[in-house]
file my_file10.pdb (PDB, C-alpha atoms and all ligand atoms)
ATOM      1  CA  MET A   1      94.178  34.157  56.423  1.00  0.00           C
ATOM      2  CA  LYS A   2      94.578  30.745  58.072  1.00  0.00           C
ATOM      3  CA  THR A   3      91.448  28.589  57.949  1.00  0.00           C
ATOM      4  CA  ASP A   4      90.485  25.959  60.466  1.00  0.00           C
ATOM      5  CA  PRO A   5      90.352  22.636  58.546  1.00  0.00           C
ATOM      6  CA  THR A   6      87.827  21.233  61.043  1.00  0.00           C
ATOM      7  CA  ALA A   7      85.479  24.249  60.876  1.00  0.00           C
ATOM      8  CA  ASP A   8      82.991  22.691  58.441  1.00  0.00           C
ATOM      9  CA  VAL A   9      83.049  19.190  59.870  1.00  0.00           C
ATOM     10  CA  PRO A  10      79.807  18.510  61.733  1.00  0.00           C
ATOM     11  CA  PRO A  11      80.318  17.208  65.286  1.00  0.00           C
ATOM     12  CA  ARG A  12      80.066  13.452  65.718  1.00  0.00           C
ATOM     13  CA  PRO A  13      76.747  12.584  67.377  1.00  0.00           C
ATOM     14  CA  ILE A  14      76.462  10.842  70.738  1.00  0.00           C
ATOM     15  CA  VAL A  15      73.105   9.505  71.948  1.00  0.00           C
ATOM     16  CA  VAL A  16      72.495   9.058  75.692  1.00  0.00           C
ATOM     17  CA  LEU A  17      69.896   6.582  77.004  1.00  0.00           C
ATOM     18  CA  VAL A  18      68.401   7.311  80.428  1.00  0.00           C
ATOM     19  CA  SER A  19      65.679   6.174  82.813  1.00  0.00           C
ATOM     20  CA  GLY A  20      66.126   8.304  85.935  1.00  0.00           C
ATOM     21  CA  ARG A  21      67.307  11.515  87.548  1.00  0.00           C
ATOM     22  CA  GLY A  22      70.045  12.277  84.991  1.00  0.00           C
ATOM     23  CA  SER A  23      73.025  13.254  87.133  1.00  0.00           C
ATOM     24  CA  ASN A  24      75.416  11.319  84.890  1.00  0.00           C
ATOM     25  CA  LEU A  25      73.823  12.961  81.854  1.00  0.00           C
ATOM     26  CA  GLN A  26      74.453  16.307  83.554  1.00  0.00           C
ATOM     27  CA  ALA A  27      78.118  15.361  84.101  1.00  0.00           C
ATOM     28  CA  LEU A  28      78.438  14.524  80.391  1.00  0.00           C
ATOM     29  CA  LEU A  29      76.764  17.751  79.299  1.00  0.00           C
ATOM     30  CA  THR A  30      79.045  19.763  81.586  1.00  0.00           C
ATOM     31  CA  ALA A  31      82.097  18.028  80.105  1.00  0.00           C
ATOM     32  CA  ALA A  32      80.787  18.556  76.567  1.00  0.00           C
ATOM     33  CA  SER A  33      80.341  22.298  77.176  1.00  0.00           C
ATOM     34  CA  ASP A  34      84.096  22.673  77.707  1.00  0.00           C
ATOM     35  CA  GLU A  35      85.823  24.276  74.732  1.00  0.00           C
ATOM     36  CA  HIS A  36      88.556  21.590  74.775  1.00  0.00           C
ATOM     37  CA  TRP A  37      85.937  18.886  74.341  1.00  0.00           C
ATOM     38  CA  ASP A  38      84.748  20.583  71.154  1.00  0.00           C
ATOM     39  CA  ARG A  39      88.213  21.165  69.795  1.00  0.00           C
ATOM     40  CA  ASP A  40      89.678  17.751  70.666  1.00  0.00           C
ATOM     41  CA  LEU A  41      86.714  15.464  70.080  1.00  0.00           C
ATOM     42  CA  GLN A  42      84.423  17.189  67.596  1.00  0.00           C
ATOM     43  CA  ALA A  43      81.504  15.372  69.161  1.00  0.00           C
ATOM     44  CA  CYS A  44      78.234  16.514  70.669  1.00  0.00           C
ATOM     45  CA  ILE A  45      75.365  15.038  72.630  1.00  0.00           C
ATOM     46  CA  ALA A  46      72.823  14.988  69.842  1.00  0.00           C
ATOM     47  CA  ALA A  47      69.902  13.386  71.655  1.00  0.00           C
ATOM     48  CA  VAL A  48      68.679  11.842  74.881  1.00  0.00           C
ATOM     49  CA  ILE A  49      66.260   8.917  74.815  1.00  0.00           C
ATOM     50  CA  SER A  50      64.294   8.008  77.925  1.00  0.00           C
ATOM     51  CA  ASN A  51      62.127   4.936  78.453  1.00  0.00           C
ATOM     52  CA  GLN A  52      60.494   6.767  81.396  1.00  0.00           C
ATOM     53  CA  PRO A  53      58.209   9.682  80.417  1.00  0.00           C
ATOM     54  CA  ARG A  54      58.792  11.437  83.758  1.00  0.00           C
ATOM     55  CA  ALA A  55      62.537  10.925  84.167  1.00  0.00           C
ATOM     56  CA  GLY A  56      64.398  13.892  85.686  1.00  0.00           C
ATOM     57  CA  ALA A  57      66.971  13.384  82.939  1.00  0.00           C
ATOM     58  CA  ILE A  58      64.452  14.776  80.439  1.00  0.00           C
ATOM     59  CA  ASP A  59      64.499  18.160  82.222  1.00  0.00           C
ATOM     60  CA  VAL A  60      68.292  18.063  82.322  1.00  0.00           C
ATOM     61  CA  ALA A  61      68.430  17.504  78.555  1.00  0.00           C
ATOM     62  CA  GLN A  62      65.848  20.173  77.798  1.00  0.00           C
ATOM     63  CA  LYS A  63      67.694  22.756  79.925  1.00  0.00           C
ATOM     64  CA  HIS A  64      70.694  22.177  77.696  1.00  0.00           C
ATOM     65  CA  GLY A  65      68.642  22.353  74.492  1.00  0.00           C
ATOM     66  CA  VAL A  66      69.279  18.703  73.656  1.00  0.00           C
ATOM     67  CA  ALA A  67      66.664  16.803  71.617  1.00  0.00           C
ATOM     68  CA  VAL A  68      64.649  14.394  73.759  1.00  0.00           C
ATOM     69  CA  HIS A  69      62.743  11.293  72.687  1.00  0.00           C
ATOM     70  CA  VAL A  70      60.592   9.173  74.959  1.00  0.00           C
ATOM     71  CA  VAL A  71      60.329   5.508  74.000  1.00  0.00           C
ATOM     72  CA  ASP A  72      58.183   4.136  76.808  1.00  0.00           C
ATOM     73  CA  HIS A  73      58.681   0.367  77.069  1.00  0.00           C
ATOM     74  CA  ARG A  74      55.138   0.029  78.490  1.00  0.00           C
ATOM     75  CA  ALA A  75      53.680   1.133  75.164  1.00  0.00           C
ATOM     76  CA  PHE A  76      54.952  -2.013  73.410  1.00  0.00           C
ATOM     77  CA  SER A  77      53.664  -5.545  73.701  1.00  0.00           C
ATOM     78  CA  SER A  78      57.103  -7.172  73.538  1.00  0.00           C
ATOM     79  CA  ARG A  79      60.737  -6.341  74.227  1.00  0.00           C
ATOM     80  CA  ASN A  80      61.425  -6.901  70.555  1.00  0.00           C
ATOM     81  CA  GLU A  81      58.964  -4.182  69.503  1.00  0.00           C
ATOM     82  CA  PHE A  82      60.319  -1.802  72.141  1.00  0.00           C
ATOM     83  CA  GLU A  83      63.884  -2.373  70.954  1.00  0.00           C
ATOM     84  CA  GLN A  84      62.900  -1.907  67.312  1.00  0.00           C
ATOM     85  CA  GLN A  85      61.495   1.529  68.121  1.00  0.00           C
ATOM     86  CA  LEU A  86      64.516   2.299  70.295  1.00  0.00           C
ATOM     87  CA  ALA A  87      66.849   1.401  67.402  1.00  0.00           C
ATOM     88  CA  VAL A  88      64.854   3.504  64.919  1.00  0.00           C
ATOM     89  CA  THR A  89      65.058   6.467  67.317  1.00  0.00           C
ATOM     90  CA  ILE A  90      68.783   6.001  67.936  1.00  0.00           C
ATOM     91  CA  ASP A  91      69.490   5.654  64.208  1.00  0.00           C
ATOM     92  CA  LEU A  92      67.767   8.972  63.448  1.00  0.00           C
ATOM     93  CA  HIS A  93      70.943  10.529  64.862  1.00  0.00           C
ATOM     94  CA  GLN A  94      73.538   8.160  63.328  1.00  0.00           C
ATOM     95  CA  PRO A  95      75.554   8.164  66.566  1.00  0.00           C
ATOM     96  CA  VAL A  96      79.210   7.183  66.792  1.00  0.00           C
ATOM     97  CA  LEU A  97      78.606   6.334  70.451  1.00  0.00           C
ATOM     98  CA  ILE A  98      75.593   5.365  72.551  1.00  0.00           C
ATOM     99  CA  VAL A  99      75.918   5.887  76.301  1.00  0.00           C
ATOM    100  CA  LEU A 100      73.669   4.122  78.803  1.00  0.00           C
ATOM    101  CA  ALA A 101      73.654   6.620  81.692  1.00  0.00           C
ATOM    102  CA  GLY A 102      71.275   5.109  84.209  1.00  0.00           C
ATOM    103  CA  PHE A 103      69.265   3.251  81.570  1.00  0.00           C
ATOM    104  CA  MET A 104      67.429   0.536  83.471  1.00  0.00           C
ATOM    105  CA  ARG A 105      66.180  -1.839  80.754  1.00  0.00           C
ATOM    106  CA  VAL A 106      67.861  -5.113  79.885  1.00  0.00           C
ATOM    107  CA  LEU A 107      68.793  -5.159  76.192  1.00  0.00           C
ATOM    108  CA  SER A 108      68.647  -8.283  74.018  1.00  0.00           C
ATOM    109  CA  ALA A 109      71.706  -9.968  72.542  1.00  0.00           C
ATOM    110  CA  GLU A 110      70.568  -8.893  69.044  1.00  0.00           C
ATOM    111  CA  PHE A 111      70.312  -5.244  70.039  1.00  0.00           C
ATOM    112  CA  VAL A 112      73.693  -5.297  71.755  1.00  0.00           C
ATOM    113  CA  HIS A 113      75.291  -7.049  68.789  1.00  0.00           C
ATOM    114  CA  HIS A 114      73.880  -4.443  66.385  1.00  0.00           C
ATOM    115  CA  TYR A 115      75.668  -1.628  68.258  1.00  0.00           C
ATOM    116  CA  ALA A 116      78.756  -3.633  69.309  1.00  0.00           C
ATOM    117  CA  GLY A 117      81.787  -1.505  70.100  1.00  0.00           C
ATOM    118  CA  ARG A 118      79.820   1.750  70.306  1.00  0.00           C
ATOM    119  CA  LEU A 119      77.473   0.957  73.205  1.00  0.00           C
ATOM    120  CA  ILE A 120      78.798   1.722  76.698  1.00  0.00           C
ATOM    121  CA  ASN A 121      77.244   1.618  80.166  1.00  0.00           C
ATOM    122  CA  ILE A 122      77.992   2.967  83.630  1.00  0.00           C
ATOM    123  CA  HIS A 123      77.286   0.634  86.533  1.00  0.00           C
ATOM    124  CA  PRO A 124      77.531   1.455  90.246  1.00  0.00           C
ATOM    125  CA  SER A 125      79.904  -1.314  91.366  1.00  0.00           C
ATOM    126  CA  LEU A 126      83.365  -2.634  90.688  1.00  0.00           C
ATOM    127  CA  LEU A 127      82.377  -5.200  88.083  1.00  0.00           C
ATOM    128  CA  PRO A 128      82.457  -8.152  87.885  1.00  0.00           C
ATOM    129  CA  SER A 129      81.306  -7.793  91.517  1.00  0.00           C
ATOM    130  CA  PHE A 130      77.652  -6.913  92.068  1.00  0.00           C
ATOM    131  CA  PRO A 131      76.033  -6.824  88.644  1.00  0.00           C
ATOM    132  CA  GLY A 132      72.295  -6.037  88.770  1.00  0.00           C
ATOM    133  CA  LEU A 133      70.352  -3.939  91.262  1.00  0.00           C
ATOM    134  CA  ASN A 134      70.914  -2.657  94.821  1.00  0.00           C
ATOM    135  CA  THR A 135      74.680  -2.708  94.423  1.00  0.00           C
ATOM    136  CA  HIS A 136      75.443  -0.465  97.413  1.00  0.00           C
ATOM    137  CA  ARG A 137      73.299  -2.493  99.801  1.00  0.00           C
ATOM    138  CA  ARG A 138      74.854  -5.728  98.566  1.00  0.00           C
ATOM    139  CA  ALA A 139      78.377  -4.298  98.912  1.00  0.00           C
ATOM    140  CA  LEU A 140      77.649  -3.355 102.551  1.00  0.00           C
ATOM    141  CA  GLU A 141      76.123  -6.776 103.235  1.00  0.00           C
ATOM    142  CA  ALA A 142      79.184  -8.482 101.746  1.00  0.00           C
ATOM    143  CA  GLY A 143      81.458  -6.384 103.984  1.00  0.00           C
ATOM    144  CA  VAL A 144      83.766  -5.307 101.157  1.00  0.00           C
ATOM    145  CA  ARG A 145      86.362  -2.648 102.026  1.00  0.00           C
ATOM    146  CA  VAL A 146      86.287  -1.018  98.603  1.00  0.00           C
ATOM    147  CA  HIS A 147      83.399  -0.409  96.252  1.00  0.00           C
ATOM    148  CA  GLY A 148      82.954   1.858  93.238  1.00  0.00           C
ATOM    149  CA  ALA A 149      81.761   2.230  89.672  1.00  0.00           C
ATOM    150  CA  THR A 150      82.607   0.810  86.256  1.00  0.00           C
ATOM    151  CA  VAL A 151      82.196   2.017  82.684  1.00  0.00           C
ATOM    152  CA  HIS A 152      82.205  -0.860  80.206  1.00  0.00           C
ATOM    153  CA  PHE A 153      81.326  -1.810  76.656  1.00  0.00           C
ATOM    154  CA  VAL A 154      77.961  -3.548  76.728  1.00  0.00           C
ATOM    155  CA  SER A 155      77.896  -7.277  76.012  1.00  0.00           C
ATOM    156  CA  LYS A 156      74.925  -9.606  75.898  1.00  0.00           C
ATOM    157  CA  GLU A 157      75.081 -10.550  79.597  1.00  0.00           C
ATOM    158  CA  VAL A 158      73.668  -7.948  82.008  1.00  0.00           C
ATOM    159  CA  ASP A 159      76.276  -5.538  83.446  1.00  0.00           C
ATOM    160  CA  SER A 160      79.180  -7.265  81.790  1.00  0.00           C
ATOM    161  CA  GLY A 161      81.513  -6.548  78.905  1.00  0.00           C
ATOM    162  CA  ALA A 162      85.007  -5.187  78.379  1.00  0.00           C
ATOM    163  CA  ILE A 163      85.911  -2.778  81.182  1.00  0.00           C
ATOM    164  CA  ILE A 164      86.892   0.737  80.105  1.00  0.00           C
ATOM    165  CA  ALA A 165      87.351   2.563  83.413  1.00  0.00           C
ATOM    166  CA  GLN A 166      86.772   2.056  87.131  1.00  0.00           C
ATOM    167  CA  ALA A 167      86.587   4.309  90.174  1.00  0.00           C
ATOM    168  CA  VAL A 168      87.321   2.905  93.612  1.00  0.00           C
ATOM    169  CA  VAL A 169      85.726   4.246  96.790  1.00  0.00           C
ATOM    170  CA  ALA A 170      86.692   3.149 100.318  1.00  0.00           C
ATOM    171  CA  VAL A 171      83.834   1.737 102.377  1.00  0.00           C
ATOM    172  CA  ASP A 172      83.676   3.343 105.839  1.00  0.00           C
ATOM    173  CA  PRO A 173      82.502   1.281 108.808  1.00  0.00           C
ATOM    174  CA  ASP A 174      79.728   3.838 109.391  1.00  0.00           C
ATOM    175  CA  ASP A 175      78.501   3.879 105.807  1.00  0.00           C
ATOM    176  CA  THR A 176      74.810   3.484 105.072  1.00  0.00           C
ATOM    177  CA  GLU A 177      73.482   2.597 101.653  1.00  0.00           C
ATOM    178  CA  ALA A 178      72.784   6.316 101.093  1.00  0.00           C
ATOM    179  CA  THR A 179      76.199   7.642 102.137  1.00  0.00           C
ATOM    180  CA  LEU A 180      78.022   5.022 100.095  1.00  0.00           C
ATOM    181  CA  ALA A 181      75.804   5.624  97.054  1.00  0.00           C
ATOM    182  CA  ALA A 182      76.494   9.378  97.269  1.00  0.00           C
ATOM    183  CA  ARG A 183      80.284   8.912  97.310  1.00  0.00           C
ATOM    184  CA  VAL A 184      80.167   6.424  94.439  1.00  0.00           C
ATOM    185  CA  LEU A 185      77.938   8.772  92.428  1.00  0.00           C
ATOM    186  CA  GLN A 186      80.461  11.605  92.838  1.00  0.00           C
ATOM    187  CA  GLN A 187      83.074   9.347  91.281  1.00  0.00           C
ATOM    188  CA  GLU A 188      80.688   8.267  88.514  1.00  0.00           C
ATOM    189  CA  HIS A 189      80.482  11.899  87.472  1.00  0.00           C
ATOM    190  CA  ARG A 190      84.276  12.028  87.073  1.00  0.00           C
ATOM    191  CA  LEU A 191      84.523   8.604  85.478  1.00  0.00           C
ATOM    192  CA  LEU A 192      81.892   8.692  82.741  1.00  0.00           C
ATOM    193  CA  PRO A 193      83.075  11.826  80.857  1.00  0.00           C
ATOM    194  CA  ARG A 194      86.622  10.533  81.025  1.00  0.00           C
ATOM    195  CA  ALA A 195      85.655   7.141  79.615  1.00  0.00           C
ATOM    196  CA  VAL A 196      83.571   8.734  76.850  1.00  0.00           C
ATOM    197  CA  ARG A 197      86.451  11.020  75.938  1.00  0.00           C
ATOM    198  CA  HIS A 198      88.896   8.143  75.560  1.00  0.00           C
ATOM    199  CA  VAL A 199      86.487   6.022  73.535  1.00  0.00           C
ATOM    200  CA  LEU A 200      85.861   8.980  71.196  1.00  0.00           C
ATOM    201  CA  THR A 201      89.563   9.557  70.659  1.00  0.00           C
ATOM    202  CA  GLY A 202      89.931   5.871  69.751  1.00  0.00           C
ATOM    203  CA  ARG A 203      92.386   5.310  72.612  1.00  0.00           C
ATOM    204  CA  VAL A 204      90.066   2.680  74.061  1.00  0.00           C
ATOM    205  CA  GLN A 205      88.652  -0.017  71.824  1.00  0.00           C
ATOM    206  CA  CYS A 206      86.629  -3.106  72.500  1.00  0.00           C
ATOM    207  CA  ALA A 207      88.478  -6.331  71.711  1.00  0.00           C
ATOM    208  CA  GLY A 208      86.187  -9.147  72.805  1.00  0.00           C
ATOM    209  CA  THR A 209      86.068  -9.500  76.577  1.00  0.00           C
ATOM    210  CA  ARG A 210      88.760  -6.882  77.192  1.00  0.00           C
ATOM    211  CA  ALA A 211      89.295  -3.296  76.144  1.00  0.00           C
ATOM    212  CA  VAL A 212      92.567  -2.374  74.466  1.00  0.00           C
ATOM    213  CA  LEU A 213      94.184   0.899  75.526  1.00  0.00           C
ATOM    214  CA  ARG A 214      96.582   2.998  73.469  1.00  0.00           C
ATOM    215  CA  ASP A 215      98.525   6.106  74.563  1.00  0.00           C
ATOM    216  CA  ILE A 216      96.750   6.443  77.888  1.00  0.00           C
ATOM    217  CA  ALA A 217      98.630   7.646  80.972  1.00  0.00           C
ATOM    218  CA  PRO A 218      98.754   5.151  83.869  1.00  0.00           C
ATOM    219  CA  GLY A 219      95.898   5.768  86.275  1.00  0.00           C
ATOM    220  CA  GLU A 220      93.846   7.731  83.756  1.00  0.00           C
ATOM    221  CA  LEU A 221      91.123   5.074  83.679  1.00  0.00           C
ATOM    222  CA  SER A 222      91.480   3.858  87.277  1.00  0.00           C
ATOM    223  CA  LEU A 223      90.353   6.508  89.739  1.00  0.00           C
ATOM    224  CA  LEU A 224      91.231   5.927  93.379  1.00  0.00           C
ATOM    225  CA  SER A 225      89.470   8.062  95.947  1.00  0.00           C
ATOM    226  CA  VAL A 226      90.447   6.016  99.003  1.00  0.00           C
TER
HETATM  227  C1  LIG B 301      73.772   5.613  88.384  1.00  0.00           C
HETATM  228  O1  LIG B 301      74.241   5.321  89.674  1.00  0.00           O
HETATM  229  C2  LIG B 301      74.189   4.530  87.400  1.00  0.00           C
HETATM  230  O2  LIG B 301      75.453   4.003  87.673  1.00  0.00           O
HETATM  231  C3  LIG B 301      73.109   3.500  87.622  1.00  0.00           C
HETATM  232  O3  LIG B 301      71.937   4.249  87.728  1.00  0.00           O
HETATM  233  C4  LIG B 301      72.247   5.505  88.328  1.00  0.00           C
HETATM  234  C5  LIG B 301      71.667   6.602  87.469  1.00  0.00           C
HETATM  235  O4  LIG B 301      71.769   7.845  88.090  1.00  0.00           O
HETATM  236  N1  LIG B 301      73.056   2.548  86.566  1.00  0.00           N
HETATM  237  C6  LIG B 301      72.757   1.257  86.751  1.00  0.00           C
HETATM  238  O5  LIG B 301      72.484   0.781  87.824  1.00  0.00           O
HETATM  239  C7  LIG B 301      72.805   0.400  85.488  1.00  0.00           C
HETATM  240  N2  LIG B 301      72.924  -0.986  85.799  1.00  0.00           N
HETATM  241  P1  LIG B 301      71.588   9.175  87.271  1.00  0.00           P
HETATM  242  O6  LIG B 301      70.246   9.052  86.555  1.00  0.00           O
HETATM  243  O7  LIG B 301      71.586  10.262  88.303  1.00  0.00           O
HETATM  244  O8  LIG B 301      72.725   9.304  86.300  1.00  0.00           O
END

call {"tool": "encode", "arguments": {"input": "my_file10.pdb", "output": "structure tokens"}}
result
Amino acid sequence: MKTDPTADVPPRPIVVLVSGRGSNLQALLTAASDEHWDRDLQACIAAVISNQPRAGAIDVAQKHGVAVHVVDHRAFSSRNEFEQQLAVTIDLHQPVLIVLAGFMRVLSAEFVHHYAGRLINIHPSLLPSFPGLNTHRRALEAGVRVHGATVHFVSKEVDSGAIIAQAVVAVDPDDTEATLAARVLQQEHRLLPRAVRHVLTGRVQCAGTRAVLRDIAPGELSLLSV
């Protein structure tokens, strides 16, 4: 009888950090439940860590039977102490990849350096435009014609680092902050699983300020929904 050589290999752990409703976490869990994901990537979402005890993302994780940890930043007297506990909690799972999926705390240069090359973030703008908060409002105020989302390796500056994948959304003249945010979010849900997949296969690697791509079809990491 033929045996599957990968059968006894435990899946590679991914840890997802969240602060909010968890729709990007849901998109990742949906992608990870696909049989191809298992076969091709041998990776699983091992744990979700939230800095917000009431985040909707906690319910999302629990519905999927994923381990949840709450590391509430308010329980620590300094960012350093918070990050130490965060690192201890992450390291319990020995992850090959840490995904910031709506994680709304700024991380120190030391923390980022410690996880360099395996820490990625999704941000709701076409970086380097509109780092920080209220990206959709600022895009409308700036009158840009296209907006979108970016997945990038995390570097020590906020919302910066080597770009992995971007999704472009056309801005309609009638858009409000809410309508634009909803269309960008739809694209985030396509973009994040795709970016995670390519990082896990090793086809995307961080090389300083740019990501290096190998064996990736044109357009695979640049989604255009205009
Ligand atoms: C997403 O739009 C994500 O891009 C954004 O938070 C939202 C989380 O939504 N992240 C940032 O702004 C990080 N700078 P979700 O909890 O439904 O995934």

call {"tool": "resolve_selection", "arguments": {"input": "my_file10.pdb", "expression": "the PyMOL selection byres (((chain A and resi 97-114) around 7) and not hetatm)", "output": "mmCIF file with C-alpha atoms, in the frame of the given file"}}
result
data_model
loop_
_atom_site.group_PDB
_atom_site.id
_atom_site.type_symbol
_atom_site.label_atom_id
_atom_site.label_comp_id
_atom_site.auth_asym_id
_atom_site.auth_seq_id
_atom_site.Cartn_x
_atom_site.Cartn_y
_atom_site.Cartn_z
ATOM 1 C CA ILE A 14 76.462 10.842 70.738
ATOM 2 C CA VAL A 15 73.105 9.505 71.948
ATOM 3 C CA VAL A 16 72.495 9.058 75.692
ATOM 4 C CA LEU A 17 69.896 6.582 77.004
ATOM 5 C CA VAL A 18 68.401 7.311 80.428
ATOM 6 C CA SER A 19 65.679 6.174 82.813
ATOM 7 C CA GLY A 20 66.126 8.304 85.935
ATOM 8 C CA ASN A 24 75.416 11.319 84.890
ATOM 9 C CA LEU A 25 73.823 12.961 81.854
ATOM 10 C CA PRO A 95 75.554 8.164 66.566
ATOM 11 C CA VAL A 96 79.210 7.183 66.792
ATOM 12 C CA TYR A 115 75.668 -1.628 68.258
ATOM 13 C CA ALA A 116 78.756 -3.633 69.309
ATOM 14 C CA ARG A 118 79.820 1.750 70.306
ATOM 15 C CA LEU A 119 77.473 0.957 73.205
ATOM 16 C CA ILE A 120 78.798 1.722 76.698
ATOM 17 C CA ASN A 121 77.244 1.618 80.166
ATOM 18 C CA ILE A 122 77.992 2.967 83.630
ATOM 19 C CA VAL A 154 77.961 -3.548 76.728
ATOM 20 C CA SER A 155 77.896 -7.277 76.012
ATOM 21 C CA LYS A 156 74.925 -9.606 75.898
ATOM 22 C CA VAL A 158 73.668 -7.948 82.008
#

call {"tool": "closest_residue", "arguments": {"input": "my_file10.pdb", "among": "A:Ser222, A:Gln186, A:Ser125, A:Gln205", "to": "A:Gln166", "atoms": "only C-alpha atoms"}}
result
A:Ser222

call {"tool": "atom_distance", "arguments": {"input": "my_file10.pdb", "atom1": "atom CA of A:Pro11", "atom2": "atom CA of A:Arg194"}}
result
18.2 Å

call {"tool": "residues_around", "arguments": {"input": "my_file10.pdb", "residues": "stretch 68-76 of chain A", "least_positions_apart": "3", "cutoff": "8 Å", "atoms": "all atoms listed in the file", "output": "list in words"}}
result
Ala47, Val48, Ile49, Ser50, Asn51, Gln52, Pro53, Ile58, Ala61, Gln62, Arg79, Glu81, Phe82, Gln85, Leu86 and Thr89 of chain A

call {"tool": "write_last_selection", "arguments": {"input": "my_file10.pdb", "atoms": "C-alpha atoms", "output": "PDB file, in the coordinates of the input"}}
result
ATOM      1  CA  ALA A  47      69.902  13.386  71.655  1.00  0.00           C
ATOM      2  CA  VAL A  48      68.679  11.842  74.881  1.00  0.00           C
ATOM      3  CA  ILE A  49      66.260   8.917  74.815  1.00  0.00           C
ATOM      4  CA  SER A  50      64.294   8.008  77.925  1.00  0.00           C
ATOM      5  CA  ASN A  51      62.127   4.936  78.453  1.00  0.00           C
ATOM      6  CA  GLN A  52      60.494   6.767  81.396  1.00  0.00           C
ATOM      7  CA  PRO A  53      58.209   9.682  80.417  1.00  0.00           C
ATOM      8  CA  ILE A  58      64.452  14.776  80.439  1.00  0.00           C
ATOM      9  CA  ALA A  61      68.430  17.504  78.555  1.00  0.00           C
ATOM     10  CA  GLN A  62      65.848  20.173  77.798  1.00  0.00           C
ATOM     11  CA  ARG A  79      60.737  -6.341  74.227  1.00  0.00           C
ATOM     12  CA  GLU A  81      58.964  -4.182  69.503  1.00  0.00           C
ATOM     13  CA  PHE A  82      60.319  -1.802  72.141  1.00  0.00           C
ATOM     14  CA  GLN A  85      61.495   1.529  68.121  1.00  0.00           C
ATOM     15  CA  LEU A  86      64.516   2.299  70.295  1.00  0.00           C
ATOM     16  CA  THR A  89      65.058   6.467  67.317  1.00  0.00           C
TER      17      THR A  89
END

call {"tool": "resolve_selection", "arguments": {"input": "my_file10.pdb", "expression": "the PyMOL selection byres (((chain A and resi 198) around 10) and not hetatm)", "output": "JSON list (two decimals) with C-alpha atoms, in the coordinates of the input"}}
result
[["chain", "number", "residue", "atom", "x", "y", "z"],
["A", 41, "LEU", "CA", 86.71, 15.46, 70.08],
["A", 164, "ILE", "CA", 86.89, 0.74, 80.10],
["A", 165, "ALA", "CA", 87.35, 2.56, 83.41],
["A", 193, "PRO", "CA", 83.08, 11.83, 80.86],
["A", 194, "ARG", "CA", 86.62, 10.53, 81.03],
["A", 195, "ALA", "CA", 85.66, 7.14, 79.61],
["A", 196, "VAL", "CA", 83.57, 8.73, 76.85],
["A", 197, "ARG", "CA", 86.45, 11.02, 75.94],
["A", 199, "VAL", "CA", 86.49, 6.02, 73.54],
["A", 200, "LEU", "CA", 85.86, 8.98, 71.20],
["A", 201, "THR", "CA", 89.56, 9.56, 70.66],
["A", 202, "GLY", "CA", 89.93, 5.87, 69.75],
["A", 203, "ARG", "CA", 92.39, 5.31, 72.61],
["A", 204, "VAL", "CA", 90.07, 2.68, 74.06],
["A", 205, "GLN", "CA", 88.65, -0.02, 71.82],
["A", 213, "LEU", "CA", 94.18, 0.90, 75.53],
["A", 214, "ARG", "CA", 96.58, 3.00, 73.47],
["A", 215, "ASP", "CA", 98.52, 6.11, 74.56],
["A", 216, "ILE", "CA", 96.75, 6.44, 77.89],
["A", 220, "GLU", "CA", 93.85, 7.73, 83.76],
["A", 221, "LEU", "CA", 91.12, 5.07, 83.68]]

call {"tool": "closest_residue", "arguments": {"input": "my_file10.pdb", "among": "A:Leu224, A:Val151, A:Ile90, A:Val60", "to": "A:Ala170", "atoms": "all atoms listed in the file"}}
result
A:Leu224

call {"tool": "closest_residue", "arguments": {"input": "my_file10.pdb", "among": "A:His64, A:Glu35, A:Leu127, A:Val212", "to": "A:Gly161", "atoms": "only C-alpha atoms"}}
result
A:Leu127

call {"tool": "closest_residue", "arguments": {"input": "my_file10.pdb", "among": "A:Gly148, A:Gly117, A:Pro13, A:Gly65", "to": "ligand LIG 301 (chain B)", "atoms": "all atoms listed in the file"}}
result
A:Gly148

call {"tool": "atom_distance", "arguments": {"input": "my_file10.pdb", "atom1": "atom CA of A:Leu185", "atom2": "atom O1 of ligand LIG 301 (chain B)"}}
result
5.8 Å

call {"tool": "closest_residue", "arguments": {"input": "my_file10.pdb", "among": "A:His189, A:Arg39, A:Arg210, A:Arg145", "to": "ligand LIG 301 (chain B)", "atoms": "all atoms listed in the file"}}
result
A:His189

call {"tool": "axis_aligned_box", "arguments": {"input": "my_file10.pdb", "around": "ligand LIG 301 (chain B)", "padding_each_side": "4 Å", "output": "JSON"}}
result
{"center_x": 72.8, "center_y": 4.6, "center_z": 87.6, "size_x": 13.2, "size_y": 19.2, "size_z": 12.2}

call {"tool": "resolve_selection", "arguments": {"input": "my_file10.pdb", "expression": "the PyMOL selection byres (((chain A and resi 173) around 10) and not hetatm)", "output": "ChimeraX atom specification"}}
result
/A:140,143,145,170-172,174-176

call {"tool": "atom_distance", "arguments": {"input": "my_file10.pdb", "atom1": "atom CA of A:His93", "atom2": "atom O5 of ligand LIG 301 (chain B)"}}
result
25.0 Å

call {"tool": "residues_near_point", "arguments": {"input": "my_file10.pdb", "point": "(82.4, 9.6, 95.1)", "cutoff": "7 Å", "atoms": "all atoms listed in the file", "output": "NGL selection string"}}
result
:A and (169 or 182-188)

call {"tool": "write_last_selection", "arguments": {"input": "my_file10.pdb", "atoms": "C-alpha atoms", "output": "tab-separated table (two decimals), keeping the file's coordinate frame"}}
result
chain	number	residue	atom	x	y	z
A	169	VAL	CA	85.73	4.25	96.79
A	182	ALA	CA	76.49	9.38	97.27
A	183	ARG	CA	80.28	8.91	97.31
A	184	VAL	CA	80.17	6.42	94.44
A	185	LEU	CA	77.94	8.77	92.43
A	186	GLN	CA	80.46	11.60	92.84
A	187	GLN	CA	83.07	9.35	91.28
A	188	GLU	CA	80.69	8.27	88.51

call {"tool": "closest_residue", "arguments": {"input": "my_file10.pdb", "among": "A:Leu133, A:Ala142, A:Leu126, A:Leu192", "to": "A:Thr30", "atoms": "only C-alpha atoms"}}
result
A:Leu192
